[in-house]
Each structure stands twice: as C-alpha cells, then as structure tokens.
$ cat my_file_18.csv   # CSV, N, CA and C atoms
chain,number,residue,atom,x,y,z
A,1,VAL,N,-7.8,-0.6,-5.5
A,1,VAL,CA,-7.5,0.7,-4.9
A,1,VAL,C,-6.5,1.3,-6.0
A,2,PHE,N,-6.7,2.6,-6.3
A,2,PHE,CA,-5.9,3.3,-7.2
A,2,PHE,C,-5.3,4.5,-6.6
A,3,LYS,N,-4.0,4.6,-6.5
A,3,LYS,CA,-3.4,5.8,-6.0
A,3,LYS,C,-2.8,6.5,-7.2
A,4,ARG,N,-3.1,7.8,-7.3
A,4,ARG,CA,-2.6,8.6,-8.5
A,4,ARG,C,-1.7,9.7,-8.1
A,5,PHE,N,-0.9,10.1,-9.1
A,5,PHE,CA,0.0,11.3,-8.9
A,5,PHE,C,-0.1,12.1,-10.2
A,6,LYS,N,-0.3,13.4,-10.0
A,6,LYS,CA,-0.3,14.3,-11.2
A,6,LYS,C,1.2,14.7,-11.5
A,7,PHE,N,1.5,14.8,-12.8
A,7,PHE,CA,2.8,15.2,-13.2
A,7,PHE,C,2.8,15.9,-14.5
A,8,ASN,N,3.9,16.6,-14.8
A,8,ASN,CA,4.0,17.1,-16.1
A,8,ASN,C,4.7,16.1,-17.0
A,9,ARG,N,4.6,16.3,-18.3
A,9,ARG,CA,5.2,15.3,-19.2
A,9,ARG,C,6.7,15.1,-19.1
A,10,MET,N,7.4,16.1,-18.5
A,10,MET,CA,8.8,16.1,-18.4
A,10,MET,C,9.3,15.3,-17.2
A,11,GLN,N,8.5,15.2,-16.1
A,11,GLN,CA,9.1,14.6,-14.9
A,11,GLN,C,8.0,13.9,-14.1
A,12,ILE,N,8.2,12.7,-13.8
A,12,ILE,CA,7.3,11.9,-12.9
A,12,ILE,C,7.8,12.2,-11.5
A,13,PRO,N,6.9,12.4,-10.5
A,13,PRO,CA,7.3,12.7,-9.2
A,13,PRO,C,8.2,11.7,-8.5
A,14,LYS,N,9.2,12.1,-7.8
A,14,LYS,CA,10.1,11.2,-7.1
A,14,LYS,C,9.4,10.3,-6.1
A,15,ASN,N,8.4,10.8,-5.4
A,15,ASN,CA,7.7,10.0,-4.4
A,15,ASN,C,7.0,8.8,-5.1
A,16,PHE,N,6.6,8.9,-6.4
A,16,PHE,CA,6.0,7.8,-7.1
A,16,PHE,C,7.0,6.7,-7.2
A,17,TYR,N,8.2,7.0,-7.7
A,17,TYR,CA,9.3,6.0,-7.8
A,17,TYR,C,9.6,5.4,-6.4
A,18,ARG,N,9.7,6.2,-5.4
A,18,ARG,CA,10.0,5.7,-4.1
A,18,ARG,C,8.9,4.7,-3.6
A,19,GLU,N,7.6,5.1,-3.7
A,19,GLU,CA,6.6,4.2,-3.3
A,19,GLU,C,6.6,2.9,-4.0
A,20,ILE,N,6.8,2.9,-5.4
A,20,ILE,CA,6.8,1.7,-6.2
A,20,ILE,C,7.9,0.8,-5.8
A,21,SER,N,9.1,1.4,-5.5
A,21,SER,CA,10.3,0.6,-5.2
A,21,SER,C,10.1,0.0,-3.8
A,22,ILE,N,9.4,0.7,-2.9
A,22,ILE,CA,9.2,0.1,-1.5
A,22,ILE,C,8.2,-1.0,-1.6
A,23,ILE,N,7.1,-0.8,-2.4
A,23,ILE,CA,6.1,-1.8,-2.5
A,23,ILE,C,6.7,-3.1,-3.2
A,24,ASN,N,7.5,-2.9,-4.2
A,24,ASN,CA,8.1,-4.1,-4.8
A,24,ASN,C,9.1,-4.8,-3.9
A,25,ALA,N,9.8,-4.0,-3.1
A,25,ALA,CA,10.8,-4.6,-2.2
A,25,ALA,C,10.1,-5.5,-1.1
A,26,LEU,N,8.8,-5.2,-0.8
A,26,LEU,CA,8.1,-5.9,0.2
A,26,LEU,C,7.1,-7.0,-0.3
A,27,HIS,N,7.2,-7.3,-1.5
A,27,HIS,CA,6.3,-8.2,-2.1
A,27,HIS,C,6.2,-9.6,-1.6
A,28,ASN,N,7.2,-10.0,-0.8
A,28,ASN,CA,7.3,-11.4,-0.3
A,28,ASN,C,6.4,-11.7,1.0
A,29,SER,N,5.9,-10.6,1.6
A,29,SER,CA,5.1,-10.8,2.8
A,29,SER,C,3.7,-11.0,2.5
A,30,LYS,N,3.0,-11.9,3.2
A,30,LYS,CA,1.6,-12.1,3.0
A,30,LYS,C,0.8,-11.0,3.7
A,31,TYR,N,1.4,-10.2,4.5
A,31,TYR,CA,0.8,-9.1,5.2
A,31,TYR,C,0.8,-7.8,4.5
A,32,ILE,N,1.5,-7.7,3.4
A,32,ILE,CA,1.7,-6.5,2.6
A,32,ILE,C,0.8,-6.6,1.3
A,33,ILE,N,0.0,-5.6,1.0
A,33,ILE,CA,-0.8,-5.6,-0.2
A,33,ILE,C,0.1,-5.6,-1.4
A,34,LYS,N,-0.2,-6.3,-2.4
A,34,LYS,CA,0.6,-6.4,-3.6
A,34,LYS,C,0.2,-5.4,-4.6
A,35,LEU,N,1.2,-5.0,-5.4
A,35,LEU,CA,1.0,-4.0,-6.5
A,35,LEU,C,0.5,-4.8,-7.7
A,36,ASN,N,-0.7,-4.3,-8.3
A,36,ASN,CA,-1.3,-5.0,-9.4
A,36,ASN,C,-0.8,-4.4,-10.7
A,37,ASP,N,-0.8,-3.1,-10.9
A,37,ASP,CA,-0.5,-2.5,-12.2
A,37,ASP,C,-0.1,-1.1,-12.0
A,38,ILE,N,0.6,-0.6,-13.0
A,38,ILE,CA,1.0,0.9,-13.1
A,38,ILE,C,0.2,1.4,-14.3
A,39,ILE,N,-0.4,2.5,-14.1
A,39,ILE,CA,-1.2,3.1,-15.2
A,39,ILE,C,-0.7,4.5,-15.5
A,40,LEU,N,-0.6,4.8,-16.8
A,40,LEU,CA,-0.2,6.2,-17.3
A,40,LEU,C,-1.3,6.7,-18.2
A,41,GLN,N,-1.9,7.8,-17.9
A,41,GLN,CA,-2.9,8.4,-18.7
A,41,GLN,C,-2.8,9.9,-18.6
A,42,ASN,N,-2.7,10.5,-19.8
A,42,ASN,CA,-2.6,12.0,-19.9
A,42,ASN,C,-1.5,12.5,-18.9
A,43,ASN,N,-1.9,13.3,-17.9
A,43,ASN,CA,-0.9,13.8,-17.0
A,43,ASN,C,-1.0,13.2,-15.6
A,44,ILE,N,-1.6,11.9,-15.6
A,44,ILE,CA,-1.7,11.2,-14.3
A,44,ILE,C,-1.0,9.9,-14.5
A,45,ILE,N,-0.2,9.5,-13.5
A,45,ILE,CA,0.4,8.2,-13.3
A,45,ILE,C,-0.1,7.7,-12.0
A,46,GLY,N,-0.3,6.4,-12.0
A,46,GLY,CA,-0.7,5.8,-10.7
A,46,GLY,C,-0.5,4.3,-10.7
A,47,TYR,N,-0.9,3.7,-9.6
A,47,TYR,CA,-0.8,2.3,-9.5
A,47,TYR,C,-2.0,1.7,-8.8
A,48,THR,N,-2.3,0.5,-9.1
A,48,THR,CA,-3.4,-0.2,-8.5
A,48,THR,C,-3.0,-1.3,-7.6
A,49,MET,N,-3.7,-1.5,-6.5
A,49,MET,CA,-3.4,-2.6,-5.6
A,49,MET,C,-4.7,-3.3,-5.3
A,50,LYS,N,-4.6,-4.5,-4.7
A,50,LYS,CA,-5.8,-5.2,-4.4
A,50,LYS,C,-6.7,-4.5,-3.4
A,51,LYS,N,-8.0,-4.5,-3.6
A,51,LYS,CA,-8.9,-3.8,-2.8
A,51,LYS,C,-9.0,-4.4,-1.4
A,52,TYR,N,-9.1,-3.6,-0.4
A,52,TYR,CA,-9.3,-4.0,1.0
A,52,TYR,C,-10.7,-4.6,1.1
A,53,CYS,N,-10.9,-5.5,2.0
A,53,CYS,CA,-12.2,-6.1,2.2
A,53,CYS,C,-13.1,-5.3,3.1
A,54,GLY,N,-12.7,-4.1,3.5
A,54,GLY,CA,-13.5,-3.3,4.4
A,54,GLY,C,-12.7,-2.2,5.1
A,55,ASP,N,-13.4,-1.3,5.7
A,55,ASP,CA,-12.8,-0.2,6.4
A,55,ASP,C,-12.9,-0.6,7.9
A,56,LEU,N,-11.7,-0.7,8.5
A,56,LEU,CA,-11.6,-1.1,9.9
A,56,LEU,C,-12.4,-0.1,10.8
A,57,GLN,N,-12.3,1.2,10.5
A,57,GLN,CA,-12.9,2.2,11.4
A,57,GLN,C,-14.4,2.1,11.4
A,58,ASN,N,-15.0,1.8,10.3
A,58,ASN,CA,-16.5,1.7,10.3
A,58,ASN,C,-17.0,0.4,10.8
A,59,ASN,N,-16.2,-0.6,11.0
A,59,ASN,CA,-16.6,-2.0,11.4
A,59,ASN,C,-16.1,-2.3,12.8
A,60,ILE,N,-15.4,-1.5,13.4
A,60,ILE,CA,-14.7,-1.8,14.7
A,60,ILE,C,-15.7,-2.3,15.8
A,61,ALA,N,-16.9,-1.7,15.8
A,61,ALA,CA,-17.8,-2.0,16.9
A,61,ALA,C,-18.3,-3.5,16.7
A,62,ASN,N,-18.2,-4.1,15.5
A,62,ASN,CA,-18.7,-5.4,15.3
A,62,ASN,C,-17.7,-6.5,15.6
A,63,PHE,N,-16.4,-6.1,15.9
A,63,PHE,CA,-15.4,-7.1,16.0
A,63,PHE,C,-15.4,-7.7,17.4
A,64,THR,N,-15.1,-9.0,17.4
A,64,THR,CA,-14.9,-9.7,18.6
A,64,THR,C,-13.5,-9.6,19.1
A,65,ASN,N,-13.2,-10.0,20.3
A,65,ASN,CA,-11.8,-9.9,20.8
A,65,ASN,C,-10.9,-10.8,19.9
A,66,ALA,N,-11.4,-11.9,19.4
A,66,ALA,CA,-10.6,-12.7,18.5
A,66,ALA,C,-10.2,-12.0,17.2
A,67,ASP,N,-11.2,-11.3,16.7
A,67,ASP,CA,-11.0,-10.5,15.5
A,67,ASP,C,-9.9,-9.5,15.7
A,68,ILE,N,-10.0,-8.8,16.8
A,68,ILE,CA,-9.1,-7.7,17.1
A,68,ILE,C,-7.7,-8.2,17.3
A,69,LYS,N,-7.6,-9.4,17.9
A,69,LYS,CA,-6.2,-10.0,18.1
A,69,LYS,C,-5.7,-10.4,16.8
A,70,LYS,N,-6.5,-10.9,15.9
A,70,LYS,CA,-6.0,-11.4,14.5
A,70,LYS,C,-5.5,-10.2,13.7
A,71,ILE,N,-6.3,-9.1,13.7
A,71,ILE,CA,-6.0,-7.9,13.0
A,71,ILE,C,-4.7,-7.2,13.5
A,72,LEU,N,-4.6,-7.1,14.8
A,72,LEU,CA,-3.4,-6.6,15.5
A,72,LEU,C,-2.2,-7.4,15.2
A,73,PHE,N,-2.3,-8.7,15.2
A,73,PHE,CA,-1.2,-9.6,14.9
A,73,PHE,C,-0.8,-9.4,13.4
A,74,GLN,N,-1.7,-9.3,12.5
A,74,GLN,CA,-1.4,-9.0,11.1
A,74,GLN,C,-0.7,-7.7,10.9
A,75,LEU,N,-1.2,-6.6,11.6
A,75,LEU,CA,-0.5,-5.3,11.5
A,75,LEU,C,0.9,-5.3,12.0
A,76,LEU,N,1.1,-6.0,13.2
A,76,LEU,CA,2.4,-6.1,13.8
A,76,LEU,C,3.4,-6.9,12.9
A,77,CYS,N,2.9,-7.9,12.3
A,77,CYS,CA,3.7,-8.7,11.4
A,77,CYS,C,4.1,-7.9,10.2
A,78,ALA,N,3.2,-7.1,9.6
A,78,ALA,CA,3.5,-6.3,8.5
A,78,ALA,C,4.6,-5.2,8.9
A,79,ILE,N,4.4,-4.6,10.0
A,79,ILE,CA,5.3,-3.6,10.5
A,79,ILE,C,6.7,-4.2,10.7
A,80,CYS,N,6.7,-5.4,11.4
A,80,CYS,CA,8.0,-6.1,11.6
A,80,CYS,C,8.7,-6.4,10.3
A,81,TYR,N,7.9,-6.9,9.3
A,81,TYR,CA,8.5,-7.2,8.0
A,81,TYR,C,9.1,-5.9,7.4
A,82,CYS,N,8.4,-4.8,7.5
A,82,CYS,CA,8.9,-3.5,6.9
A,82,CYS,C,10.3,-3.2,7.6
A,83,HIS,N,10.2,-3.2,9.0
A,83,HIS,CA,11.4,-2.9,9.7
A,83,HIS,C,12.6,-3.8,9.4
A,84,SER,N,12.3,-5.1,9.2
A,84,SER,CA,13.4,-6.0,8.9
A,84,SER,C,14.0,-5.8,7.5
A,85,ASN,N,13.3,-5.0,6.7
A,85,ASN,CA,13.8,-4.7,5.4
A,85,ASN,C,14.2,-3.2,5.3
A,86,ASN,N,14.5,-2.6,6.5
A,86,ASN,CA,15.0,-1.3,6.7
A,86,ASN,C,14.0,-0.2,6.1
A,87,ILE,N,12.7,-0.5,6.3
A,87,ILE,CA,11.7,0.5,5.9
A,87,ILE,C,10.9,0.8,7.2
A,88,ILE,N,10.8,2.1,7.5
A,88,ILE,CA,10.0,2.5,8.6
A,88,ILE,C,8.7,3.1,8.1
A,89,HIS,N,7.6,2.6,8.7
A,89,HIS,CA,6.3,3.1,8.3
A,89,HIS,C,5.8,4.1,9.3
$ encode --input "my_file_18.csv" --output "structure tokens"
Amino acid sequence: VFKRFKFNRMQIPKNFYREISIINALHNSKYIIKLNDIILQNNIIGYTMKKYCGDLQNNIANFTNADIKKILFQLLCAICYCHSNNIIH
C-alpha cells in the first residue's frame, strides 16, 4: 500500500510528519500495520506499508461467525493499543 502526499520543494506537509510519527510510535503492536519505506520522487513524498490481504467490505458475506469474532477482536486490540499510547483513531 502506498500513501502519497503532494508538496512543493520548500515544505513537506505537516500531516505527513504527523502520520509517520504516529505509525512509528505504534510499531510494537502486532495489530498495527508496519511502515516499510518512505519514498521521495519529484514533488511527491509517500510511504509504503504491508498490503492488506483483502477488502473486508467485499468479503463480509463469506465470513463465518468465528471469522467476524476474530476480526473484531483484532480491531479492538488495535484501537486499545492506540488509546493506551494516547492516540485516538
């Protein structure tokens, strides 16, 4: 997954710095996706993260109750980890 930000050569957007610092602060959780790389090209800066294994919305009809419980547990663990590190999502 690649998230990009357009910028001029004089100033990188503040929200880019904020997102990178938050992602780095949360790197110890197994429920938070890790930052792979930061890329700078022309007037675009961005970062890459591990690709998700699918889109929940497109596959929700195929999930069993056990699948839904597991996904919900993982989401709640990730949110709890964020909150315990003073980050509100």
$ select_by_dssp --input "my_file_18.csv" --residues "chain A" --states "alpha helix (DSSP H)" --output "PyMOL selection string"
chain A and resi 14-25+56-59+65-84
$ atom_distance --input "my_file_18.csv" --atom1 "CA of Leu75 in chain A" --atom2 "CA of Ile32 in chain A"
9.2 Å
$ closest_residue --input "my_file_18.csv" --among "A:Ser29, A:Thr64, A:Ser21, A:Gln41" --to "Tyr81 in chain A" --atoms "all atoms listed in the file"
A:Ser29
$ atom_distance --input "my_file_18.csv" --atom1 "CA of Cys80 in chain A" --atom2 "atom N of Glu19 in chain A"
19.0 Å
$ select_by_dssp --input "my_file_18.csv" --residues "range 35-84 of chain A" --states "strand (DSSP E or B)" --output "list of chain:residue names"
A:Leu35, A:Asn36, A:Asp37, A:Ile38, A:Ile39, A:Leu40, A:Gln41, A:Ile44, A:Ile45, A:Gly46, A:Tyr47, A:Thr48, A:Met49
$ decode --input "my_file_18.csv" --residues "range 34-72 of chain A" --atoms "N, CA and C atoms" --output "PDB file, in the first residue's frame"
ATOM      1  N   LYS A  34       2.801  -2.235   9.742  1.00  0.00           N
ATOM      2  CA  LYS A  34       4.138  -1.631   9.857  1.00  0.00           C
ATOM      3  C   LYS A  34       4.475  -0.766   8.638  1.00  0.00           C
ATOM      4  N   LEU A  35       5.266   0.253   8.896  1.00  0.00           N
ATOM      5  CA  LEU A  35       5.789   1.121   7.847  1.00  0.00           C
ATOM      6  C   LEU A  35       6.957   0.419   7.171  1.00  0.00           C
ATOM      7  N   ASN A  36       6.908   0.307   5.838  1.00  0.00           N
ATOM      8  CA  ASN A  36       8.003  -0.343   5.109  1.00  0.00           C
ATOM      9  C   ASN A  36       9.063   0.648   4.652  1.00  0.00           C
ATOM     10  N   ASP A  37       8.631   1.732   3.999  1.00  0.00           N
ATOM     11  CA  ASP A  37       9.595   2.616   3.359  1.00  0.00           C
ATOM     12  C   ASP A  37       8.995   3.998   3.156  1.00  0.00           C
ATOM     13  N   ILE A  38       9.860   5.001   3.069  1.00  0.00           N
ATOM     14  CA  ILE A  38       9.459   6.358   2.710  1.00  0.00           C
ATOM     15  C   ILE A  38      10.074   6.656   1.354  1.00  0.00           C
ATOM     16  N   ILE A  39       9.263   7.177   0.444  1.00  0.00           N
ATOM     17  CA  ILE A  39       9.704   7.409  -0.936  1.00  0.00           C
ATOM     18  C   ILE A  39       9.543   8.888  -1.276  1.00  0.00           C
ATOM     19  N   LEU A  40      10.567   9.456  -1.889  1.00  0.00           N
ATOM     20  CA  LEU A  40      10.549  10.843  -2.340  1.00  0.00           C
ATOM     21  C   LEU A  40      10.868  10.861  -3.826  1.00  0.00           C
ATOM     22  N   GLN A  41       9.917  11.356  -4.620  1.00  0.00           N
ATOM     23  CA  GLN A  41      10.101  11.446  -6.071  1.00  0.00           C
ATOM     24  C   GLN A  41       9.450  12.716  -6.578  1.00  0.00           C
ATOM     25  N   ASN A  42      10.215  13.516  -7.297  1.00  0.00           N
ATOM     26  CA  ASN A  42       9.720  14.780  -7.849  1.00  0.00           C
ATOM     27  C   ASN A  42       9.013  15.576  -6.763  1.00  0.00           C
ATOM     28  N   ASN A  43       7.725  15.855  -6.931  1.00  0.00           N
ATOM     29  CA  ASN A  43       7.004  16.636  -5.920  1.00  0.00           C
ATOM     30  C   ASN A  43       6.027  15.765  -5.129  1.00  0.00           C
ATOM     31  N   ILE A  44       6.352  14.477  -5.019  1.00  0.00           N
ATOM     32  CA  ILE A  44       5.517  13.556  -4.259  1.00  0.00           C
ATOM     33  C   ILE A  44       6.376  12.848  -3.217  1.00  0.00           C
ATOM     34  N   ILE A  45       5.881  12.832  -1.997  1.00  0.00           N
ATOM     35  CA  ILE A  45       6.509  12.061  -0.930  1.00  0.00           C
ATOM     36  C   ILE A  45       5.450  11.119  -0.393  1.00  0.00           C
ATOM     37  N   GLY A  46       5.867   9.947  -0.016  1.00  0.00           N
ATOM     38  CA  GLY A  46       4.887   8.996   0.485  1.00  0.00           C
ATOM     39  C   GLY A  46       5.540   7.897   1.276  1.00  0.00           C
ATOM     40  N   TYR A  47       4.715   6.993   1.735  1.00  0.00           N
ATOM     41  CA  TYR A  47       5.237   5.853   2.474  1.00  0.00           C
ATOM     42  C   TYR A  47       4.500   4.596   2.035  1.00  0.00           C
ATOM     43  N   THR A  48       5.186   3.474   2.195  1.00  0.00           N
ATOM     44  CA  THR A  48       4.590   2.196   1.849  1.00  0.00           C
ATOM     45  C   THR A  48       4.394   1.380   3.120  1.00  0.00           C
ATOM     46  N   MET A  49       3.356   0.579   3.079  1.00  0.00           N
ATOM     47  CA  MET A  49       3.036  -0.304   4.188  1.00  0.00           C
ATOM     48  C   MET A  49       2.690  -1.665   3.606  1.00  0.00           C
ATOM     49  N   LYS A  50       2.727  -2.674   4.449  1.00  0.00           N
ATOM     50  CA  LYS A  50       2.385  -4.014   4.020  1.00  0.00           C
ATOM     51  C   LYS A  50       0.970  -4.036   3.450  1.00  0.00           C
ATOM     52  N   LYS A  51       0.795  -4.758   2.356  1.00  0.00           N
ATOM     53  CA  LYS A  51      -0.509  -4.833   1.709  1.00  0.00           C
ATOM     54  C   LYS A  51      -1.476  -5.675   2.540  1.00  0.00           C
ATOM     55  N   TYR A  52      -2.707  -5.194   2.619  1.00  0.00           N
ATOM     56  CA  TYR A  52      -3.758  -5.955   3.282  1.00  0.00           C
ATOM     57  C   TYR A  52      -4.037  -7.218   2.473  1.00  0.00           C
ATOM     58  N   CYS A  53      -4.532  -8.241   3.132  1.00  0.00           N
ATOM     59  CA  CYS A  53      -4.816  -9.490   2.433  1.00  0.00           C
ATOM     60  C   CYS A  53      -6.221  -9.505   1.843  1.00  0.00           C
ATOM     61  N   GLY A  54      -6.903  -8.404   1.838  1.00  0.00           N
ATOM     62  CA  GLY A  54      -8.230  -8.355   1.237  1.00  0.00           C
ATOM     63  C   GLY A  54      -9.030  -7.174   1.729  1.00  0.00           C
ATOM     64  N   ASP A  55     -10.162  -6.985   1.117  1.00  0.00           N
ATOM     65  CA  ASP A  55     -11.062  -5.900   1.465  1.00  0.00           C
ATOM     66  C   ASP A  55     -12.210  -6.481   2.283  1.00  0.00           C
ATOM     67  N   LEU A  56     -12.353  -6.040   3.502  1.00  0.00           N
ATOM     68  CA  LEU A  56     -13.397  -6.578   4.369  1.00  0.00           C
ATOM     69  C   LEU A  56     -14.790  -6.375   3.791  1.00  0.00           C
ATOM     70  N   GLN A  57     -15.040  -5.217   3.208  1.00  0.00           N
ATOM     71  CA  GLN A  57     -16.371  -4.905   2.712  1.00  0.00           C
ATOM     72  C   GLN A  57     -16.802  -5.856   1.591  1.00  0.00           C
ATOM     73  N   ASN A  58     -15.880  -6.224   0.705  1.00  0.00           N
ATOM     74  CA  ASN A  58     -16.231  -7.095  -0.412  1.00  0.00           C
ATOM     75  C   ASN A  58     -16.371  -8.553  -0.011  1.00  0.00           C
ATOM     76  N   ASN A  59     -15.801  -8.944   1.121  1.00  0.00           N
ATOM     77  CA  ASN A  59     -15.807 -10.348   1.533  1.00  0.00           C
ATOM     78  C   ASN A  59     -16.675 -10.639   2.743  1.00  0.00           C
ATOM     79  N   ILE A  60     -17.362  -9.653   3.270  1.00  0.00           N
ATOM     80  CA  ILE A  60     -18.094  -9.820   4.532  1.00  0.00           C
ATOM     81  C   ILE A  60     -19.156 -10.913   4.451  1.00  0.00           C
ATOM     82  N   ALA A  61     -19.766 -11.110   3.297  1.00  0.00           N
ATOM     83  CA  ALA A  61     -20.826 -12.120   3.157  1.00  0.00           C
ATOM     84  C   ALA A  61     -20.282 -13.541   3.322  1.00  0.00           C
ATOM     85  N   ASN A  62     -18.979 -13.722   3.088  1.00  0.00           N
ATOM     86  CA  ASN A  62     -18.378 -15.054   3.163  1.00  0.00           C
ATOM     87  C   ASN A  62     -17.825 -15.397   4.544  1.00  0.00           C
ATOM     88  N   PHE A  63     -17.881 -14.467   5.478  1.00  0.00           N
ATOM     89  CA  PHE A  63     -17.294 -14.696   6.791  1.00  0.00           C
ATOM     90  C   PHE A  63     -18.218 -15.527   7.678  1.00  0.00           C
ATOM     91  N   THR A  64     -17.606 -16.401   8.443  1.00  0.00           N
ATOM     92  CA  THR A  64     -18.344 -17.141   9.462  1.00  0.00           C
ATOM     93  C   THR A  64     -18.388 -16.291  10.726  1.00  0.00           C
ATOM     94  N   ASN A  65     -19.165 -16.718  11.688  1.00  0.00           N
ATOM     95  CA  ASN A  65     -19.202 -16.001  12.973  1.00  0.00           C
ATOM     96  C   ASN A  65     -17.828 -16.002  13.633  1.00  0.00           C
ATOM     97  N   ALA A  66     -17.099 -17.096  13.495  1.00  0.00           N
ATOM     98  CA  ALA A  66     -15.749 -17.174  14.073  1.00  0.00           C
ATOM     99  C   ALA A  66     -14.816 -16.156  13.402  1.00  0.00           C
ATOM    100  N   ASP A  67     -14.934 -16.005  12.078  1.00  0.00           N
ATOM    101  CA  ASP A  67     -14.120 -15.016  11.357  1.00  0.00           C
ATOM    102  C   ASP A  67     -14.428 -13.613  11.854  1.00  0.00           C
ATOM    103  N   ILE A  68     -15.707 -13.314  12.003  1.00  0.00           N
ATOM    104  CA  ILE A  68     -16.126 -11.979  12.439  1.00  0.00           C
ATOM    105  C   ILE A  68     -15.625 -11.697  13.852  1.00  0.00           C
ATOM    106  N   LYS A  69     -15.707 -12.686  14.742  1.00  0.00           N
ATOM    107  CA  LYS A  69     -15.198 -12.508  16.108  1.00  0.00           C
ATOM    108  C   LYS A  69     -13.700 -12.231  16.102  1.00  0.00           C
ATOM    109  N   LYS A  70     -12.958 -12.956  15.271  1.00  0.00           N
ATOM    110  CA  LYS A  70     -11.505 -12.775  15.197  1.00  0.00           C
ATOM    111  C   LYS A  70     -11.146 -11.387  14.676  1.00  0.00           C
ATOM    112  N   ILE A  71     -11.821 -10.950  13.607  1.00  0.00           N
ATOM    113  CA  ILE A  71     -11.549  -9.625  13.032  1.00  0.00           C
ATOM    114  C   ILE A  71     -11.915  -8.524  14.018  1.00  0.00           C
ATOM    115  N   LEU A  72     -13.067  -8.657  14.662  1.00  0.00           N
ATOM    116  CA  LEU A  72     -13.478  -7.652  15.644  1.00  0.00           C
ATOM    117  C   LEU A  72     -12.505  -7.590  16.814  1.00  0.00           C
TER     118      LEU A  72
END
